[in-house]
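Below is one structure, written out as structure tokens, with a few remarks after it.
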Amino acid sequence: MAKKVIRRREVEARISLACSTIYAMMADDKFPRPLKIGRRAVGWIEEDIDKWLSDRKPTDLK
């Protein structure tokens, strides 16, 4: 089965965090890194985002 790639806006909507927060968390190795899917496009593997969400404690998102 192919893995689904989701774009930044969908990631933001799913995790309820802004783009700047997502990229700051990636810089701290606290969020999955995206895949380059085009010259100017990135996306995240949906499974990685789902796992990240399931691993979070409510206090991790403050």
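By convention in this document, the chains of the structure tokens carry letters A, B, ... by their order, each chain's residues are numbered from 1, and ligands are numbered from 1 in the order they are shown.
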Within chain A, find each residue whose DSSP state, derived from the backbone, is strand (DSSP E), and express the selection as a PDB file with N, CA and C atoms, in the first residue's frame.
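Contents of result-v7.pdb, freshly written:
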```pdb
ATOM      1  N   VAL A   5       0.854  11.203   1.239  1.00  0.00           N
ATOM      2  CA  VAL A   5       1.605  12.398   1.590  1.00  0.00           C
ATOM      3  C   VAL A   5       0.604  13.543   1.730  1.00  0.00           C
ATOM      4  N   ILE A   6       0.718  14.276   2.838  1.00  0.00           N
ATOM      5  CA  ILE A   6      -0.181  15.399   3.061  1.00  0.00           C
ATOM      6  C   ILE A   6       0.621  16.696   3.080  1.00  0.00           C
ATOM      7  N   LEU A  35       9.012  15.566   3.290  1.00  0.00           N
ATOM      8  CA  LEU A  35       9.672  15.072   2.087  1.00  0.00           C
ATOM      9  C   LEU A  35       9.579  16.153   1.029  1.00  0.00           C
ATOM     10  N   LYS A  36      10.600  16.270   0.227  1.00  0.00           N
ATOM     11  CA  LYS A  36      10.532  17.186  -0.906  1.00  0.00           C
ATOM     12  C   LYS A  36       9.772  16.462  -2.013  1.00  0.00           C
ATOM     13  N   ILE A  37       8.660  17.039  -2.458  1.00  0.00           N
ATOM     14  CA  ILE A  37       7.840  16.375  -3.472  1.00  0.00           C
ATOM     15  C   ILE A  37       7.823  17.137  -4.789  1.00  0.00           C
ATOM     16  N   GLY A  38       8.531  18.230  -4.833  1.00  0.00           N
ATOM     17  CA  GLY A  38       8.631  19.036  -6.046  1.00  0.00           C
ATOM     18  C   GLY A  38       9.690  20.106  -5.835  1.00  0.00           C
ATOM     19  N   ALA A  41       7.817  22.312  -3.282  1.00  0.00           N
ATOM     20  CA  ALA A  41       6.729  21.688  -2.521  1.00  0.00           C
ATOM     21  C   ALA A  41       7.274  20.608  -1.584  1.00  0.00           C
ATOM     22  N   VAL A  42       6.705  20.572  -0.396  1.00  0.00           N
ATOM     23  CA  VAL A  42       7.035  19.518   0.563  1.00  0.00           C
ATOM     24  C   VAL A  42       5.736  18.917   1.081  1.00  0.00           C
ATOM     25  N   GLY A  43       5.849  17.739   1.647  1.00  0.00           N
ATOM     26  CA  GLY A  43       4.702  17.071   2.241  1.00  0.00           C
ATOM     27  C   GLY A  43       5.183  16.106   3.302  1.00  0.00           C
ATOM     28  N   TRP A  44       4.287  15.747   4.179  1.00  0.00           N
ATOM     29  CA  TRP A  44       4.597  14.816   5.257  1.00  0.00           C
ATOM     30  C   TRP A  44       3.866  13.511   5.014  1.00  0.00           C
ATOM     31  N   ILE A  45       4.472  12.420   5.419  1.00  0.00           N
ATOM     32  CA  ILE A  45       3.792  11.131   5.340  1.00  0.00           C
ATOM     33  C   ILE A  45       2.712  11.123   6.420  1.00  0.00           C
TER      34      ILE A  45
END
```
Q) Skipping near chain neighbours, those fewer than 3 positions away, what residues fall within 10 Å of Asp48 (chain A) using only C-alpha atoms, listed as a list of chain:residue names? A)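 Once the nearby chain positions are removed, what remains is A:Lys3, A:Val5, A:Phe31, A:Pro32, A:Arg33, A:Pro34, A:Trp44, A:Ile45, A:Lys51, A:Trp52, A:Leu53, A:Ser54.
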Q.
Neighbouring residues of region 18-30 of chain A were defined as those with any atom within 10 Å, considering only C-alpha atoms; residues of the same chain fewer than 5 positions away were excluded. Please report them as a list in words.
A. Arg8, Arg9, Val11, Glu12, Ala13, Trp52 and Asp60 of chain A
For the selection just defined, write its residues with C-alpha atoms to a file, as a JSON list (two decimals), in the first residue's frame.
```json
[["chain", "number", "residue", "atom", "x", "y", "z"],
["A", 8, "ARG", "CA", 1.44, 21.70, 5.07],
["A", 9, "ARG", "CA", -2.05, 23.20, 5.32],
["A", 11, "VAL", "CA", -0.85, 19.16, 8.68],
["A", 12, "GLU", "CA", -1.55, 22.53, 10.31],
["A", 13, "ALA", "CA", -5.27, 21.77, 10.40],
["A", 52, "TRP", "CA", 3.33, 12.00, 16.26],
["A", 60, "ASP", "CA", 3.50, 18.60, 24.95]]
```
Q.
For the structure I just gave you, how does DSSP split chain A - specifically, which residues are alpha helix (DSSP H)? Reply as a list of chain:residue names.
A.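 Filtering chain A to alpha helix (DSSP H) leaves A:Arg8, A:Arg9, A:Glu10, A:Val11, A:Glu12, A:Ala13, A:Arg14, A:Ile15, A:Cys19, A:Ser20, A:Thr21, A:Ile22, A:Tyr23, A:Ala24, A:Met25, A:Met26, A:Ala27, A:Glu46, A:Glu47, A:Asp48, A:Ile49, A:Asp50, A:Lys51, A:Trp52, A:Leu53, A:Ser54, A:Asp55.
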Write the selection just made, keeping C-alpha atoms, as a compact mmCIF listing (two decimals), in the first residue's frame?
```txt
# COMPACT_ATOMS: atom_id res chain seq x y z
CA ARG A 8 1.44 21.70 5.07
CA ARG A 9 -2.05 23.20 5.32
CA GLU A 10 -3.57 19.83 6.10
CA VAL A 11 -0.85 19.16 8.68
CA GLU A 12 -1.55 22.53 10.31
CA ALA A 13 -5.27 21.77 10.40
CA ARG A 14 -4.75 18.31 11.89
CA ILE A 15 -2.41 19.37 14.67
CA CYS A 19 3.56 26.84 10.28
CA SER A 20 6.19 28.73 12.30
CA THR A 21 5.61 26.43 15.28
CA ILE A 22 5.90 23.33 13.11
CA TYR A 23 9.21 24.47 11.64
CA ALA A 24 10.56 25.49 15.07
CA MET A 25 9.68 22.03 16.40
CA MET A 26 11.42 20.42 13.40
CA ALA A 27 14.54 22.46 14.19
CA GLU A 46 0.34 10.92 6.90
CA GLU A 47 1.34 7.92 9.01
CA ASP A 48 4.21 9.94 10.58
CA ILE A 49 1.84 12.77 11.55
CA ASP A 50 -0.71 10.31 12.98
CA LYS A 51 2.02 8.64 15.05
CA TRP A 52 3.33 12.00 16.26
CA LEU A 53 -0.19 12.95 17.37
CA SER A 54 -0.80 9.65 19.15
CA ASP A 55 2.53 9.92 21.00
```
